[in-house]
file data_0.pdb (PDB, C-alpha atoms)
ATOM      1  CA  MET A   1      71.395  39.990  23.628  1.00  0.00           C
ATOM      2  CA  ILE A   2      72.372  43.461  24.889  1.00  0.00           C
ATOM      3  CA  SER A   3      75.279  42.111  26.942  1.00  0.00           C
ATOM      4  CA  MET A   4      76.638  40.388  23.821  1.00  0.00           C
ATOM      5  CA  SER A   5      76.668  43.740  22.000  1.00  0.00           C
ATOM      6  CA  SER A   6      78.618  45.790  24.541  1.00  0.00           C
ATOM      7  CA  ASN A   7      81.239  46.707  21.899  1.00  0.00           C
ATOM      8  CA  LEU A   8      78.602  48.306  19.670  1.00  0.00           C
ATOM      9  CA  ARG A   9      79.882  51.534  18.104  1.00  0.00           C
ATOM     10  CA  VAL A  10      76.883  52.659  15.993  1.00  0.00           C
ATOM     11  CA  LEU A  11      73.247  52.547  17.100  1.00  0.00           C
ATOM     12  CA  ARG A  12      70.418  53.723  14.858  1.00  0.00           C
ATOM     13  CA  LEU A  13      66.882  53.836  16.251  1.00  0.00           C
ATOM     14  CA  TRP A  14      64.933  55.244  13.334  1.00  0.00           C
ATOM     15  CA  ASP A  15      61.246  54.773  12.506  1.00  0.00           C
ATOM     16  CA  VAL A  16      60.630  52.927  15.760  1.00  0.00           C
ATOM     17  CA  VAL A  17      56.892  52.465  16.277  1.00  0.00           C
ATOM     18  CA  PHE A  18      55.626  52.636  19.856  1.00  0.00           C
ATOM     19  CA  ASP A  19      52.388  50.837  20.697  1.00  0.00           C
ATOM     20  CA  ASP A  20      51.763  52.743  23.896  1.00  0.00           C
ATOM     21  CA  GLU A  21      52.504  56.339  24.904  1.00  0.00           C
ATOM     22  CA  ASP A  22      54.146  54.932  28.060  1.00  0.00           C
ATOM     23  CA  ASP A  23      56.762  53.025  26.010  1.00  0.00           C
ATOM     24  CA  VAL A  24      60.189  54.669  26.178  1.00  0.00           C
ATOM     25  CA  VAL A  25      63.737  53.921  25.100  1.00  0.00           C
ATOM     26  CA  ASP A  26      65.883  54.370  28.195  1.00  0.00           C
ATOM     27  CA  LEU A  27      68.965  56.300  27.066  1.00  0.00           C
ATOM     28  CA  GLU A  28      70.637  55.723  30.432  1.00  0.00           C
ATOM     29  CA  THR A  29      70.532  51.971  29.743  1.00  0.00           C
ATOM     30  CA  ILE A  30      72.024  52.615  26.304  1.00  0.00           C
ATOM     31  CA  ALA A  31      74.832  54.649  27.889  1.00  0.00           C
ATOM     32  CA  ILE A  32      75.588  51.858  30.367  1.00  0.00           C
ATOM     33  CA  CYS A  33      75.219  48.886  27.996  1.00  0.00           C
ATOM     34  CA  PHE A  34      77.138  50.398  25.081  1.00  0.00           C
ATOM     35  CA  PRO A  35      80.159  52.205  26.574  1.00  0.00           C
ATOM     36  CA  TYR A  36      81.976  52.327  23.198  1.00  0.00           C
ATOM     37  CA  LEU A  37      79.078  53.893  21.311  1.00  0.00           C
ATOM     38  CA  SER A  38      80.461  56.640  19.063  1.00  0.00           C
ATOM     39  CA  HIS A  39      77.574  57.259  16.645  1.00  0.00           C
ATOM     40  CA  LEU A  40      74.004  57.568  17.922  1.00  0.00           C
ATOM     41  CA  SER A  41      71.099  58.125  15.562  1.00  0.00           C
ATOM     42  CA  LEU A  42      67.606  58.801  16.945  1.00  0.00           C
ATOM     43  CA  SER A  43      64.392  59.818  15.260  1.00  0.00           C
ATOM     44  CA  ASN A  44      61.542  61.238  17.265  1.00  0.00           C
ATOM     45  CA  ASP A  45      58.004  60.875  15.973  1.00  0.00           C
ATOM     46  CA  LEU A  46      56.138  63.642  17.778  1.00  0.00           C
ATOM     47  CA  ARG A  47      52.813  63.166  16.024  1.00  0.00           C
ATOM     48  CA  ASP A  48      51.314  62.005  19.306  1.00  0.00           C
ATOM     49  CA  GLY A  49      53.093  64.791  21.252  1.00  0.00           C
ATOM     50  CA  VAL A  50      55.043  62.328  23.420  1.00  0.00           C
ATOM     51  CA  ILE A  51      58.814  61.890  23.749  1.00  0.00           C
ATOM     52  CA  HIS A  52      59.677  58.189  23.652  1.00  0.00           C
ATOM     53  CA  TYR A  53      63.306  58.552  24.761  1.00  0.00           C
ATOM     54  CA  GLY A  54      63.888  58.740  28.510  1.00  0.00           C
ATOM     55  CA  LEU A  55      66.270  61.506  29.562  1.00  0.00           C
ATOM     56  CA  GLU A  56      66.132  60.813  33.285  1.00  0.00           C
ATOM     57  CA  GLY A  57      69.309  60.331  35.304  1.00  0.00           C
ATOM     58  CA  SER A  58      72.702  61.981  35.171  1.00  0.00           C
ATOM     59  CA  TYR A  59      74.371  59.721  32.599  1.00  0.00           C
ATOM     60  CA  HIS A  60      76.614  60.962  29.806  1.00  0.00           C
ATOM     61  CA  LEU A  61      77.374  59.455  26.428  1.00  0.00           C
ATOM     62  CA  HIS A  62      81.096  60.237  26.632  1.00  0.00           C
ATOM     63  CA  ASN A  63      82.212  58.460  23.464  1.00  0.00           C
ATOM     64  CA  VAL A  64      79.459  59.731  21.177  1.00  0.00           C
ATOM     65  CA  ALA A  65      81.185  61.885  18.563  1.00  0.00           C
ATOM     66  CA  VAL A  66      78.371  61.842  15.978  1.00  0.00           C
ATOM     67  CA  LEU A  67      74.754  62.474  16.926  1.00  0.00           C
ATOM     68  CA  GLU A  68      71.973  62.250  14.347  1.00  0.00           C
ATOM     69  CA  VAL A  69      68.507  63.413  15.318  1.00  0.00           C
ATOM     70  CA  GLY A  70      65.341  63.650  13.299  1.00  0.00           C
ATOM     71  CA  TRP A  71      61.713  64.609  13.588  1.00  0.00           C
ATOM     72  CA  THR A  72      58.428  64.176  11.809  1.00  0.00           C
ATOM     73  CA  VAL A  73      56.828  67.242  13.416  1.00  0.00           C
ATOM     74  CA  ILE A  74      58.969  70.204  14.537  1.00  0.00           C
ATOM     75  CA  SER A  75      58.030  71.602  17.927  1.00  0.00           C
ATOM     76  CA  ASP A  76      59.501  73.103  21.081  1.00  0.00           C
ATOM     77  CA  ILE A  77      59.398  69.588  22.568  1.00  0.00           C
ATOM     78  CA  PHE A  78      61.853  68.406  19.910  1.00  0.00           C
ATOM     79  CA  SER A  79      64.088  71.422  20.478  1.00  0.00           C
ATOM     80  CA  HIS A  80      64.282  70.806  24.239  1.00  0.00           C
ATOM     81  CA  TRP A  81      64.913  67.101  23.646  1.00  0.00           C
ATOM     82  CA  VAL A  82      67.884  67.864  21.358  1.00  0.00           C
ATOM     83  CA  GLU A  83      69.210  70.378  23.884  1.00  0.00           C
ATOM     84  CA  GLU A  84      69.158  67.682  26.595  1.00  0.00           C
ATOM     85  CA  LEU A  85      70.901  65.210  24.289  1.00  0.00           C
ATOM     86  CA  LEU A  86      73.626  67.737  23.460  1.00  0.00           C
ATOM     87  CA  GLN A  87      74.317  68.259  27.159  1.00  0.00           C
ATOM     88  CA  ARG A  88      74.768  64.493  27.585  1.00  0.00           C
ATOM     89  CA  CYS A  89      77.302  64.190  24.736  1.00  0.00           C
ATOM     90  CA  PRO A  90      80.290  66.209  26.020  1.00  0.00           C
ATOM     91  CA  ASN A  91      82.683  65.017  23.276  1.00  0.00           C
ATOM     92  CA  LEU A  92      80.342  65.584  20.357  1.00  0.00           C
ATOM     93  CA  GLU A  93      82.064  66.546  17.111  1.00  0.00           C
ATOM     94  CA  LYS A  94      79.228  66.361  14.615  1.00  0.00           C
ATOM     95  CA  LEU A  95      75.499  66.978  14.850  1.00  0.00           C
ATOM     96  CA  ILE A  96      73.294  65.904  11.941  1.00  0.00           C
ATOM     97  CA  ILE A  97      69.665  67.007  11.973  1.00  0.00           C
ATOM     98  CA  HIS A  98      67.049  65.436   9.700  1.00  0.00           C
ATOM     99  CA  GLY A  99      63.613  66.970   9.464  1.00  0.00           C
ATOM    100  CA  THR A 100      60.538  67.323   7.362  1.00  0.00           C
ATOM    101  CA  VAL A 101      59.471  70.789   6.326  1.00  0.00           C
ATOM    102  CA  SER A 102      56.294  71.087   4.301  1.00  0.00           C
ATOM    103  CA  ASP A 103      55.860  73.656   1.543  1.00  0.00           C
ATOM    104  CA  ALA A 104      53.423  75.846   3.464  1.00  0.00           C
ATOM    105  CA  LYS A 105      54.813  77.279   6.690  1.00  0.00           C
ATOM    106  CA  THR A 106      53.193  79.738   9.022  1.00  0.00           C
ATOM    107  CA  PRO A 107      55.313  82.613  10.365  1.00  0.00           C
ATOM    108  CA  GLU A 108      55.344  80.854  13.760  1.00  0.00           C
ATOM    109  CA  GLU A 109      56.730  77.641  12.240  1.00  0.00           C
ATOM    110  CA  CYS A 110      59.419  79.588  10.359  1.00  0.00           C
ATOM    111  CA  GLN A 111      60.348  81.346  13.603  1.00  0.00           C
ATOM    112  CA  MET A 112      60.624  77.984  15.387  1.00  0.00           C
ATOM    113  CA  LEU A 113      62.908  76.578  12.666  1.00  0.00           C
ATOM    114  CA  ALA A 114      65.136  79.654  12.779  1.00  0.00           C
ATOM    115  CA  LYS A 115      65.286  79.535  16.580  1.00  0.00           C
ATOM    116  CA  PHE A 116      66.114  75.827  16.493  1.00  0.00           C
ATOM    117  CA  TYR A 117      68.926  76.319  13.979  1.00  0.00           C
ATOM    118  CA  PHE A 118      70.538  79.193  15.849  1.00  0.00           C
ATOM    119  CA  LEU A 119      70.243  77.512  19.246  1.00  0.00           C
ATOM    120  CA  HIS A 120      71.656  74.158  18.219  1.00  0.00           C
ATOM    121  CA  CYS A 121      73.851  74.716  15.193  1.00  0.00           C
ATOM    122  CA  SER A 122      75.387  78.147  15.120  1.00  0.00           C
ATOM    123  CA  ALA A 123      75.765  78.899  18.831  1.00  0.00           C
ATOM    124  CA  ASP A 124      77.251  75.623  20.104  1.00  0.00           C
ATOM    125  CA  ALA A 125      81.034  75.916  19.833  1.00  0.00           C
ATOM    126  CA  ALA A 126      81.469  72.290  20.903  1.00  0.00           C
ATOM    127  CA  VAL A 127      79.805  71.068  17.727  1.00  0.00           C
ATOM    128  CA  TYR A 128      82.301  71.436  14.896  1.00  0.00           C
ATOM    129  CA  ALA A 129      79.989  70.341  12.116  1.00  0.00           C
ATOM    130  CA  CYS A 130      76.251  70.684  11.971  1.00  0.00           C
ATOM    131  CA  ARG A 131      74.348  69.555   8.923  1.00  0.00           C
ATOM    132  CA  CYS A 132      70.649  70.240   8.699  1.00  0.00           C
ATOM    133  CA  VAL A 133      68.771  68.166   6.148  1.00  0.00           C
ATOM    134  CA  PHE A 134      65.262  69.484   5.527  1.00  0.00           C
TER     135      PHE A 134
END
call {"tool": "encode", "arguments": {"input": "data_0.pdb", "output": "structure tokens"}}
result
Amino acid sequence: MISMSSNLRVLRLWDVVFDDEDDVVDLETIAICFPYLSHLSLSNDLRDGVIHYGLEGSYHLHNVAVLEVGWTVISDIFSHWVEELLQRCPNLEKLIIHGTVSDAKTPEECQMLAKFYFLHCSADAAVYACRCVF
């Protein structure tokens, strides 16, 4: 089925439920199987503290111009994951970030959100548009 979809331009992996903490989505395979991919949308459920998207290898997603990322729980793990993804999308034009922010935030959580925004949205000159949806 993957080989029949090699011309895929948009891939959205949102609300994917993993049965096992060892289950991962291999992004290198996505890069190889979908060379024309221009819009990648990934949500990361960090409730169990595990990243389910493999970032091993030296692949790049050269045609990805729009990257959407989301979280259920903000953490440094999510921030590092997004940083790795940004490095693998050299022609990125737009970064869209979806996240859940509860009403009550500790000072540490507010600091993490501010750090995340400044690291990934305001300081990256390669990203022309960054929209944060909280």
call {"tool": "residues_around", "arguments": {"input": "data_0.pdb", "residues": "Gly57 of chain A", "least_positions_apart": "3", "cutoff": "12 Å", "atoms": "only C-alpha atoms", "output": "NGL selection string"}}
result
:A and (26-29 or 31-32 or 54 or 60 or 84 or 88)
call {"tool": "closest_residue", "arguments": {"input": "data_0.pdb", "among": "A:Val82, A:Leu42, A:Glu68, A:Val10", "to": "Ile97 of chain A", "atoms": "all atoms listed in the file"}}
result
A:Glu68
call {"tool": "resolve_selection", "arguments": {"input": "data_0.pdb", "expression": "the PyMOL selection byres ((chain A and resi 35-39) around 12)", "output": "mmCIF file with C-alpha atoms, in the frame of the given file"}}
result
data_model
loop_
_atom_site.group_PDB
_atom_site.id
_atom_site.type_symbol
_atom_site.label_atom_id
_atom_site.label_comp_id
_atom_site.auth_asym_id
_atom_site.auth_seq_id
_atom_site.Cartn_x
_atom_site.Cartn_y
_atom_site.Cartn_z
ATOM 1 C CA ILE A 2 72.372 43.461 24.889
ATOM 2 C CA SER A 3 75.279 42.111 26.942
ATOM 3 C CA SER A 5 76.668 43.740 22.000
ATOM 4 C CA SER A 6 78.618 45.790 24.541
ATOM 5 C CA ASN A 7 81.239 46.707 21.899
ATOM 6 C CA LEU A 8 78.602 48.306 19.670
ATOM 7 C CA ARG A 9 79.882 51.534 18.104
ATOM 8 C CA VAL A 10 76.883 52.659 15.993
ATOM 9 C CA LEU A 11 73.247 52.547 17.100
ATOM 10 C CA ARG A 12 70.418 53.723 14.858
ATOM 11 C CA LEU A 13 66.882 53.836 16.251
ATOM 12 C CA LEU A 27 68.965 56.300 27.066
ATOM 13 C CA GLU A 28 70.637 55.723 30.432
ATOM 14 C CA THR A 29 70.532 51.971 29.743
ATOM 15 C CA ILE A 30 72.024 52.615 26.304
ATOM 16 C CA ALA A 31 74.832 54.649 27.889
ATOM 17 C CA ILE A 32 75.588 51.858 30.367
ATOM 18 C CA CYS A 33 75.219 48.886 27.996
ATOM 19 C CA PHE A 34 77.138 50.398 25.081
ATOM 20 C CA LEU A 40 74.004 57.568 17.922
ATOM 21 C CA SER A 41 71.099 58.125 15.562
ATOM 22 C CA LEU A 42 67.606 58.801 16.945
ATOM 23 C CA TYR A 59 74.371 59.721 32.599
ATOM 24 C CA HIS A 60 76.614 60.962 29.806
ATOM 25 C CA LEU A 61 77.374 59.455 26.428
ATOM 26 C CA HIS A 62 81.096 60.237 26.632
ATOM 27 C CA ASN A 63 82.212 58.460 23.464
ATOM 28 C CA VAL A 64 79.459 59.731 21.177
ATOM 29 C CA ALA A 65 81.185 61.885 18.563
ATOM 30 C CA VAL A 66 78.371 61.842 15.978
ATOM 31 C CA LEU A 67 74.754 62.474 16.926
ATOM 32 C CA GLU A 68 71.973 62.250 14.347
ATOM 33 C CA VAL A 69 68.507 63.413 15.318
ATOM 34 C CA CYS A 89 77.302 64.190 24.736
ATOM 35 C CA PRO A 90 80.290 66.209 26.020
ATOM 36 C CA ASN A 91 82.683 65.017 23.276
ATOM 37 C CA LEU A 92 80.342 65.584 20.357
ATOM 38 C CA GLU A 93 82.064 66.546 17.111
ATOM 39 C CA LYS A 94 79.228 66.361 14.615
ATOM 40 C CA LEU A 95 75.499 66.978 14.850
ATOM 41 C CA ILE A 96 73.294 65.904 11.941
#
call {"tool": "atom_distance", "arguments": {"input": "data_0.pdb", "atom1": "atom CA of Ser58 of chain A", "atom2": "atom CA of Ile77 of chain A"}}
result
19.8 Å
call {"tool": "atom_distance", "arguments": {"input": "data_0.pdb", "atom1": "atom CA of Thr72 of chain A", "atom2": "atom CA of Glu56 of chain A"}}
result
23.1 Å
call {"tool": "atom_distance", "arguments": {"input": "data_0.pdb", "atom1": "atom CA of Phe78 of chain A", "atom2": "atom CA of Asn44 of chain A"}}
result
7.6 Å
call {"tool": "closest_residue", "arguments": {"input": "data_0.pdb", "among": "A:Val25, A:Thr106, A:Met112, A:Trp14", "to": "Asp76 of chain A", "atoms": "all atoms listed in the file"}}
result
A:Met112
